[in-house]
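Colleague: Take this structure first; my questions come after.
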Amino acid sequence: MTNAEISFIPLTEEHFSLLRTWFNKPHVQAFYSLRTWTNEDVRQKLPPYIQGVGDMKCYIIFVDKKPMGYLQCYPVKKHPWDNQNLPDEIVQDSVGLDLFIGEEESIGKGLGSQFLNAFLRKHIWPHYRYCLADPDIRNEASLRLFKKCGFKEYQLISSTDALKRIITLQLFIKKRE
């Protein structure tokens, strides 16, 4: 995929049907969407993201104009973690992000690192000095992705997921070079 064009298109209502499809795929439900989603669930959840509530920015990841995944990012100072132990310098100048590949046939091909590195170059490093991520410690693919992209393990965080289940997150930090 070295010559493929990766682009990040801001989320719009036109993407809701695609996201509902992805949210209902087992590999996305395992650590991201966590449950079955209806059209109504998507219509209730996503509009604030399009409107910029909490400064959340959401994108559909395209490869050669084909939708492949989803990415969202947010200023850490507006979305702190429970029990986070971050220096104020990092909190004030960092963005957190979440991403997933929606298309099963694209999993395990090294696309995640290409997506993440391209997004860091285009959208994160021009504005922030740090990028943070917090995958569930059971999400081995995500843990590998962030390590491969040069993120450093910072701390484990006890939290609850959207279904109110207790989980442990691995907080990763990468500093702009």
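In the structure tokens, chains take letters A, B, ... by order of appearance, with residues numbered from 1 within each chain and ligands from 1 in the order shown.
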Could you list, as a PyMOL selection string, every residue within 7 Å of A:Tyr154, counting only C-alpha atoms and ignoring same-chain residues fewer than 5 positions away?

Modeller: chain A and resi 171-173

Colleague: If you count only C-alpha atoms, which residues fall within 12 Å of A:Leu116, apart from same-chain ones fewer than 6 positions away, as an MDAnalysis selection string?

Modeller: chainID A and resid 6:8 61 69:73 97:101 110 122:125 131:133 142 145:151 174

Colleague: Output N, CA and C atoms of each residue in that selection to a file, as a PDB file, in the first residue's frame.

Modeller:
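Saved result, result_13.pdb, follows:
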ATOM      1  N   ILE A   6      -3.821   8.013   1.458  1.00  0.00           N
ATOM      2  CA  ILE A   6      -4.553   7.968   2.722  1.00  0.00           C
ATOM      3  C   ILE A   6      -5.104   9.359   2.972  1.00  0.00           C
ATOM      4  N   SER A   7      -6.410   9.428   3.240  1.00  0.00           N
ATOM      5  CA  SER A   7      -7.008  10.720   3.566  1.00  0.00           C
ATOM      6  C   SER A   7      -7.931  10.562   4.769  1.00  0.00           C
ATOM      7  N   PHE A   8      -8.149  11.676   5.430  1.00  0.00           N
ATOM      8  CA  PHE A   8      -8.979  11.725   6.635  1.00  0.00           C
ATOM      9  C   PHE A   8     -10.093  12.732   6.372  1.00  0.00           C
ATOM     10  N   ILE A  61     -11.370   7.278   7.750  1.00  0.00           N
ATOM     11  CA  ILE A  61     -10.076   7.064   7.097  1.00  0.00           C
ATOM     12  C   ILE A  61     -10.345   6.424   5.741  1.00  0.00           C
ATOM     13  N   GLY A  69     -11.685   2.993   7.854  1.00  0.00           N
ATOM     14  CA  GLY A  69     -11.691   3.032   9.304  1.00  0.00           C
ATOM     15  C   GLY A  69     -12.153   4.365   9.847  1.00  0.00           C
ATOM     16  N   TYR A  70     -12.052   4.464  11.158  1.00  0.00           N
ATOM     17  CA  TYR A  70     -12.544   5.630  11.894  1.00  0.00           C
ATOM     18  C   TYR A  70     -11.467   6.081  12.863  1.00  0.00           C
ATOM     19  N   LEU A  71     -11.376   7.394  13.053  1.00  0.00           N
ATOM     20  CA  LEU A  71     -10.424   7.955  14.004  1.00  0.00           C
ATOM     21  C   LEU A  71     -11.068   9.166  14.650  1.00  0.00           C
ATOM     22  N   GLN A  72     -10.894   9.289  15.955  1.00  0.00           N
ATOM     23  CA  GLN A  72     -11.356  10.484  16.659  1.00  0.00           C
ATOM     24  C   GLN A  72     -10.239  10.976  17.560  1.00  0.00           C
ATOM     25  N   CYS A  73     -10.161  12.299  17.714  1.00  0.00           N
ATOM     26  CA  CYS A  73      -9.148  12.872  18.600  1.00  0.00           C
ATOM     27  C   CYS A  73      -9.761  14.032  19.372  1.00  0.00           C
ATOM     28  N   LEU A  97      -6.334  10.042  21.212  1.00  0.00           N
ATOM     29  CA  LEU A  97      -7.009   9.536  20.011  1.00  0.00           C
ATOM     30  C   LEU A  97      -7.409   8.089  20.161  1.00  0.00           C
ATOM     31  N   ASP A  98      -8.418   7.750  19.363  1.00  0.00           N
ATOM     32  CA  ASP A  98      -8.934   6.381  19.247  1.00  0.00           C
ATOM     33  C   ASP A  98      -9.095   6.116  17.758  1.00  0.00           C
ATOM     34  N   LEU A  99      -8.840   4.891  17.351  1.00  0.00           N
ATOM     35  CA  LEU A  99      -9.066   4.537  15.956  1.00  0.00           C
ATOM     36  C   LEU A  99      -9.362   3.058  15.830  1.00  0.00           C
ATOM     37  N   PHE A 100     -10.017   2.724  14.739  1.00  0.00           N
ATOM     38  CA  PHE A 100     -10.206   1.318  14.407  1.00  0.00           C
ATOM     39  C   PHE A 100     -10.290   1.169  12.896  1.00  0.00           C
ATOM     40  N   ILE A 101      -9.932  -0.015  12.427  1.00  0.00           N
ATOM     41  CA  ILE A 101     -10.125  -0.382  11.025  1.00  0.00           C
ATOM     42  C   ILE A 101     -11.486  -1.060  10.954  1.00  0.00           C
ATOM     43  N   GLY A 110      -0.781  -4.117   8.328  1.00  0.00           N
ATOM     44  CA  GLY A 110       0.090  -2.975   8.589  1.00  0.00           C
ATOM     45  C   GLY A 110      -0.537  -1.632   8.282  1.00  0.00           C
ATOM     46  N   LYS A 122      -0.063  14.879   9.701  1.00  0.00           N
ATOM     47  CA  LYS A 122      -0.961  15.875   9.100  1.00  0.00           C
ATOM     48  C   LYS A 122      -1.791  16.654  10.110  1.00  0.00           C
ATOM     49  N   HIS A 123      -2.231  15.994  11.178  1.00  0.00           N
ATOM     50  CA  HIS A 123      -3.231  16.611  12.042  1.00  0.00           C
ATOM     51  C   HIS A 123      -2.805  16.825  13.497  1.00  0.00           C
ATOM     52  N   ILE A 124      -1.815  16.099  13.968  1.00  0.00           N
ATOM     53  CA  ILE A 124      -1.464  16.217  15.384  1.00  0.00           C
ATOM     54  C   ILE A 124      -0.219  17.080  15.589  1.00  0.00           C
ATOM     55  N   TRP A 125       0.880  16.720  14.961  1.00  0.00           N
ATOM     56  CA  TRP A 125       2.142  17.418  15.237  1.00  0.00           C
ATOM     57  C   TRP A 125       2.128  18.906  14.884  1.00  0.00           C
ATOM     58  N   CYS A 131       0.891  13.123  21.950  1.00  0.00           N
ATOM     59  CA  CYS A 131      -0.297  12.373  21.566  1.00  0.00           C
ATOM     60  C   CYS A 131      -0.430  11.201  22.538  1.00  0.00           C
ATOM     61  N   LEU A 132      -1.642  10.969  23.031  1.00  0.00           N
ATOM     62  CA  LEU A 132      -1.914   9.917  24.000  1.00  0.00           C
ATOM     63  C   LEU A 132      -2.957   8.951  23.445  1.00  0.00           C
ATOM     64  N   ALA A 133      -2.866   7.725  23.871  1.00  0.00           N
ATOM     65  CA  ALA A 133      -3.850   6.700  23.507  1.00  0.00           C
ATOM     66  C   ALA A 133      -4.046   5.789  24.709  1.00  0.00           C
ATOM     67  N   SER A 142      -4.118  -3.400  19.255  1.00  0.00           N
ATOM     68  CA  SER A 142      -3.958  -1.975  19.516  1.00  0.00           C
ATOM     69  C   SER A 142      -2.667  -1.706  20.299  1.00  0.00           C
ATOM     70  N   LEU A 145       0.113  -1.861  17.860  1.00  0.00           N
ATOM     71  CA  LEU A 145       0.093  -0.702  16.967  1.00  0.00           C
ATOM     72  C   LEU A 145       0.782   0.494  17.610  1.00  0.00           C
ATOM     73  N   PHE A 146       0.400   0.835  18.816  1.00  0.00           N
ATOM     74  CA  PHE A 146       0.975   2.022  19.442  1.00  0.00           C
ATOM     75  C   PHE A 146       2.461   1.846  19.733  1.00  0.00           C
ATOM     76  N   LYS A 147       2.870   0.664  20.131  1.00  0.00           N
ATOM     77  CA  LYS A 147       4.300   0.413  20.327  1.00  0.00           C
ATOM     78  C   LYS A 147       5.056   0.530  19.012  1.00  0.00           C
ATOM     79  N   LYS A 148       4.503  -0.047  17.946  1.00  0.00           N
ATOM     80  CA  LYS A 148       5.139   0.005  16.622  1.00  0.00           C
ATOM     81  C   LYS A 148       5.315   1.448  16.157  1.00  0.00           C
ATOM     82  N   CYS A 149       4.390   2.316  16.523  1.00  0.00           N
ATOM     83  CA  CYS A 149       4.432   3.721  16.101  1.00  0.00           C
ATOM     84  C   CYS A 149       5.206   4.609  17.077  1.00  0.00           C
ATOM     85  N   GLY A 150       5.894   4.002  18.024  1.00  0.00           N
ATOM     86  CA  GLY A 150       6.776   4.760  18.908  1.00  0.00           C
ATOM     87  C   GLY A 150       6.136   5.345  20.146  1.00  0.00           C
ATOM     88  N   PHE A 151       4.928   4.928  20.471  1.00  0.00           N
ATOM     89  CA  PHE A 151       4.295   5.371  21.711  1.00  0.00           C
ATOM     90  C   PHE A 151       4.939   4.610  22.873  1.00  0.00           C
ATOM     91  N   LYS A 174       3.214   9.622  23.144  1.00  0.00           N
ATOM     92  CA  LYS A 174       4.262   9.843  22.144  1.00  0.00           C
ATOM     93  C   LYS A 174       4.514  11.341  22.100  1.00  0.00           C
TER      94      LYS A 174
END

Colleague: Can you pull out the residues contacting A:Gln92? Cut-off 12 Å, using only C-alpha atoms, and skip same-chain residues under 6 positions away; I want them as a JSON list (two decimals) with C-alpha atoms, in the first residue's frame.

Modeller:
[["chain", "number", "residue", "atom", "x", "y", "z"],
["A", 74, "TYR", "CA", -9.67, 15.34, 21.41],
["A", 75, "PRO", "CA", -7.66, 17.74, 23.59],
["A", 76, "VAL", "CA", -6.69, 15.85, 26.75],
["A", 77, "LYS", "CA", -7.31, 18.94, 28.90],
["A", 78, "LYS", "CA", -11.03, 18.72, 27.97],
["A", 79, "HIS", "CA", -11.28, 14.91, 28.31],
["A", 80, "PRO", "CA", -9.15, 13.80, 31.28],
["A", 86, "LEU", "CA", 0.05, 13.41, 33.93],
["A", 127, "HIS", "CA", -0.81, 21.58, 16.80],
["A", 128, "TYR", "CA", 0.33, 19.46, 19.76],
["A", 129, "ARG", "CA", 3.57, 18.29, 21.34],
["A", 130, "TYR", "CA", 2.13, 15.03, 22.73],
["A", 131, "CYS", "CA", -0.30, 12.37, 21.57]]

Colleague: Go through chain A and collect every residue that DSSP, computed from the backbone, puts in strand (DSSP E); the answer should be as a PyMOL selection string.

Modeller: chain A and resi 6-10+57-63+66-75+94-101+130-133+152-160+166-175

Colleague: What would the file look like if the residues just selected were written as a PDB file, in the first residue's frame with C-alpha atoms?

Modeller:
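File produced: out-v4.pdb:
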ATOM      1  CA  ILE A   6      -4.553   7.968   2.722  1.00  0.00           C
ATOM      2  CA  SER A   7      -7.008  10.720   3.566  1.00  0.00           C
ATOM      3  CA  PHE A   8      -8.979  11.725   6.635  1.00  0.00           C
ATOM      4  CA  ILE A   9     -12.439  13.062   5.829  1.00  0.00           C
ATOM      5  CA  PRO A  10     -14.304  14.825   8.659  1.00  0.00           C
ATOM      6  CA  LYS A  57     -12.782  15.768  15.940  1.00  0.00           C
ATOM      7  CA  CYS A  58     -13.864  12.661  14.066  1.00  0.00           C
ATOM      8  CA  TYR A  59     -12.751  11.313  10.704  1.00  0.00           C
ATOM      9  CA  ILE A  60     -13.393   8.479   8.316  1.00  0.00           C
ATOM     10  CA  ILE A  61     -10.076   7.064   7.097  1.00  0.00           C
ATOM     11  CA  PHE A  62      -9.998   6.548   3.342  1.00  0.00           C
ATOM     12  CA  VAL A  63      -7.458   4.622   1.269  1.00  0.00           C
ATOM     13  CA  LYS A  66     -12.378   3.733  -0.138  1.00  0.00           C
ATOM     14  CA  PRO A  67     -13.512   4.024   3.503  1.00  0.00           C
ATOM     15  CA  MET A  68     -11.394   1.796   5.741  1.00  0.00           C
ATOM     16  CA  GLY A  69     -11.691   3.032   9.304  1.00  0.00           C
ATOM     17  CA  TYR A  70     -12.544   5.630  11.894  1.00  0.00           C
ATOM     18  CA  LEU A  71     -10.424   7.955  14.004  1.00  0.00           C
ATOM     19  CA  GLN A  72     -11.356  10.484  16.659  1.00  0.00           C
ATOM     20  CA  CYS A  73      -9.148  12.872  18.600  1.00  0.00           C
ATOM     21  CA  TYR A  74      -9.671  15.344  21.409  1.00  0.00           C
ATOM     22  CA  PRO A  75      -7.658  17.735  23.593  1.00  0.00           C
ATOM     23  CA  SER A  94      -1.649  16.896  24.140  1.00  0.00           C
ATOM     24  CA  VAL A  95      -4.353  15.202  22.172  1.00  0.00           C
ATOM     25  CA  GLY A  96      -5.840  11.792  22.797  1.00  0.00           C
ATOM     26  CA  LEU A  97      -7.009   9.536  20.011  1.00  0.00           C
ATOM     27  CA  ASP A  98      -8.934   6.381  19.247  1.00  0.00           C
ATOM     28  CA  LEU A  99      -9.066   4.537  15.956  1.00  0.00           C
ATOM     29  CA  PHE A 100     -10.206   1.318  14.407  1.00  0.00           C
ATOM     30  CA  ILE A 101     -10.125  -0.382  11.025  1.00  0.00           C
ATOM     31  CA  TYR A 130       2.129  15.025  22.733  1.00  0.00           C
ATOM     32  CA  CYS A 131      -0.297  12.373  21.566  1.00  0.00           C
ATOM     33  CA  LEU A 132      -1.914   9.917  24.000  1.00  0.00           C
ATOM     34  CA  ALA A 133      -3.850   6.700  23.507  1.00  0.00           C
ATOM     35  CA  LYS A 152       5.694   4.681  25.192  1.00  0.00           C
ATOM     36  CA  GLU A 153       3.778   2.960  27.973  1.00  0.00           C
ATOM     37  CA  TYR A 154       3.038   5.517  30.685  1.00  0.00           C
ATOM     38  CA  GLN A 155       0.674   3.974  33.218  1.00  0.00           C
ATOM     39  CA  LEU A 156      -2.203   1.568  33.698  1.00  0.00           C
ATOM     40  CA  ILE A 157      -5.556   3.192  34.408  1.00  0.00           C
ATOM     41  CA  SER A 158      -8.503   1.491  36.091  1.00  0.00           C
ATOM     42  CA  SER A 159     -11.705   2.693  34.491  1.00  0.00           C
ATOM     43  CA  THR A 160     -15.142   1.606  33.350  1.00  0.00           C
ATOM     44  CA  ILE A 166     -14.421  -2.428  35.030  1.00  0.00           C
ATOM     45  CA  ILE A 167     -11.501  -2.364  32.602  1.00  0.00           C
ATOM     46  CA  THR A 168      -7.808  -1.583  32.651  1.00  0.00           C
ATOM     47  CA  LEU A 169      -6.397   0.790  30.071  1.00  0.00           C
ATOM     48  CA  GLN A 170      -2.770   1.150  29.017  1.00  0.00           C
ATOM     49  CA  LEU A 171      -2.044   4.856  28.688  1.00  0.00           C
ATOM     50  CA  PHE A 172       0.544   5.502  25.967  1.00  0.00           C
ATOM     51  CA  ILE A 173       2.331   8.769  25.213  1.00  0.00           C
ATOM     52  CA  LYS A 174       4.262   9.843  22.144  1.00  0.00           C
ATOM     53  CA  LYS A 175       6.179  13.106  22.045  1.00  0.00           C
TER      54      LYS A 175
END

Colleague: Please measure the separation of atom CA of A:Leu143 and atom CA of A:Asp64, giving the value in Å to one decimal.

Modeller: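 We find that atom CA of A:Leu143 and atom CA of A:Asp64 lie 26.5 Å from each other.
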
Colleague: If I take atom CA of A:Glu105 and atom CA of A:Phe31, how far is one from the other in Å, to one decimal?

Modeller: 18.2 Å

Colleague: Quick one: distance from atom CA of A:Leu34 to atom CA of A:Val53 in Å, one decimal?

Modeller: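 The value is 22.3 Å.
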
Colleague: From a DSSP calculation on the backbone, collect every residue of chain A in alpha helix (DSSP H) and output the set as a VMD selection string.

Modeller: chain A and resid 16 to 23 26 to 28 39 to 45 47 to 50 88 to 92 111 to 119 140 to 148

Colleague: Would you mind exporting the chosen residues as an mmCIF file, in the first residue's frame, restricted to C-alpha atoms?

Modeller:
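To be explicit, this is the file written out as again.cif:
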data_model
loop_
_atom_site.group_PDB
_atom_site.id
_atom_site.type_symbol
_atom_site.label_atom_id
_atom_site.label_comp_id
_atom_site.auth_asym_id
_atom_site.auth_seq_id
_atom_site.Cartn_x
_atom_site.Cartn_y
_atom_site.Cartn_z
ATOM 1 C CA PHE A 16 -23.630 7.300 9.929
ATOM 2 C CA SER A 17 -24.810 4.207 8.037
ATOM 3 C CA LEU A 18 -21.224 3.122 7.440
ATOM 4 C CA LEU A 19 -20.350 3.608 11.108
ATOM 5 C CA ARG A 20 -23.400 1.636 12.217
ATOM 6 C CA THR A 21 -22.196 -1.215 9.993
ATOM 7 C CA TRP A 22 -18.688 -1.028 11.440
ATOM 8 C CA PHE A 23 -19.923 -0.641 15.041
ATOM 9 C CA PRO A 26 -17.376 -8.287 16.091
ATOM 10 C CA HIS A 27 -13.811 -6.961 15.861
ATOM 11 C CA VAL A 28 -15.045 -3.383 16.489
ATOM 12 C CA ASN A 39 -29.580 3.554 13.301
ATOM 13 C CA GLU A 40 -31.227 5.483 16.140
ATOM 14 C CA ASP A 41 -28.280 4.793 18.483
ATOM 15 C CA VAL A 42 -25.900 6.244 15.900
ATOM 16 C CA ARG A 43 -28.159 9.276 15.291
ATOM 17 C CA GLN A 44 -28.145 9.974 19.042
ATOM 18 C CA LYS A 45 -24.421 9.405 19.668
ATOM 19 C CA PRO A 47 -24.177 14.511 16.070
ATOM 20 C CA PRO A 48 -22.315 16.203 18.963
ATOM 21 C CA TYR A 49 -19.050 14.998 17.406
ATOM 22 C CA ILE A 50 -19.943 16.641 14.099
ATOM 23 C CA ASP A 88 0.367 19.707 33.507
ATOM 24 C CA GLU A 89 2.776 20.326 30.601
ATOM 25 C CA ILE A 90 1.477 17.163 28.915
ATOM 26 C CA VAL A 91 -2.193 17.791 29.764
ATOM 27 C CA GLN A 92 -2.080 21.293 28.267
ATOM 28 C CA LEU A 111 -2.481 -0.349 7.646
ATOM 29 C CA GLY A 112 -3.052 0.800 11.226
ATOM 30 C CA SER A 113 0.498 2.104 11.570
ATOM 31 C CA GLN A 114 0.288 3.818 8.188
ATOM 32 C CA PHE A 115 -2.993 5.479 9.196
ATOM 33 C CA LEU A 116 -1.682 6.532 12.590
ATOM 34 C CA ASN A 117 1.632 7.897 11.332
ATOM 35 C CA ALA A 118 -0.074 9.824 8.507
ATOM 36 C CA PHE A 119 -2.596 11.306 10.946
ATOM 37 C CA GLU A 140 -3.366 -6.902 21.778
ATOM 38 C CA ALA A 141 -3.563 -5.520 18.228
ATOM 39 C CA SER A 142 -3.958 -1.975 19.516
ATOM 40 C CA LEU A 143 -1.125 -2.380 22.032
ATOM 41 C CA ARG A 144 1.166 -3.587 19.210
ATOM 42 C CA LEU A 145 0.093 -0.702 16.967
ATOM 43 C CA PHE A 146 0.975 2.022 19.442
ATOM 44 C CA LYS A 147 4.300 0.413 20.327
ATOM 45 C CA LYS A 148 5.139 0.005 16.622
#

Colleague: Would you mind telling me which residue in A:Lys65, A:Arg35, A:Arg138, A:Arg121 lies nearest to A:Glu177 when using only C-alpha atoms?

Modeller: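 Looking at the shortest contact to A:Glu177, the residue is A:Arg121.
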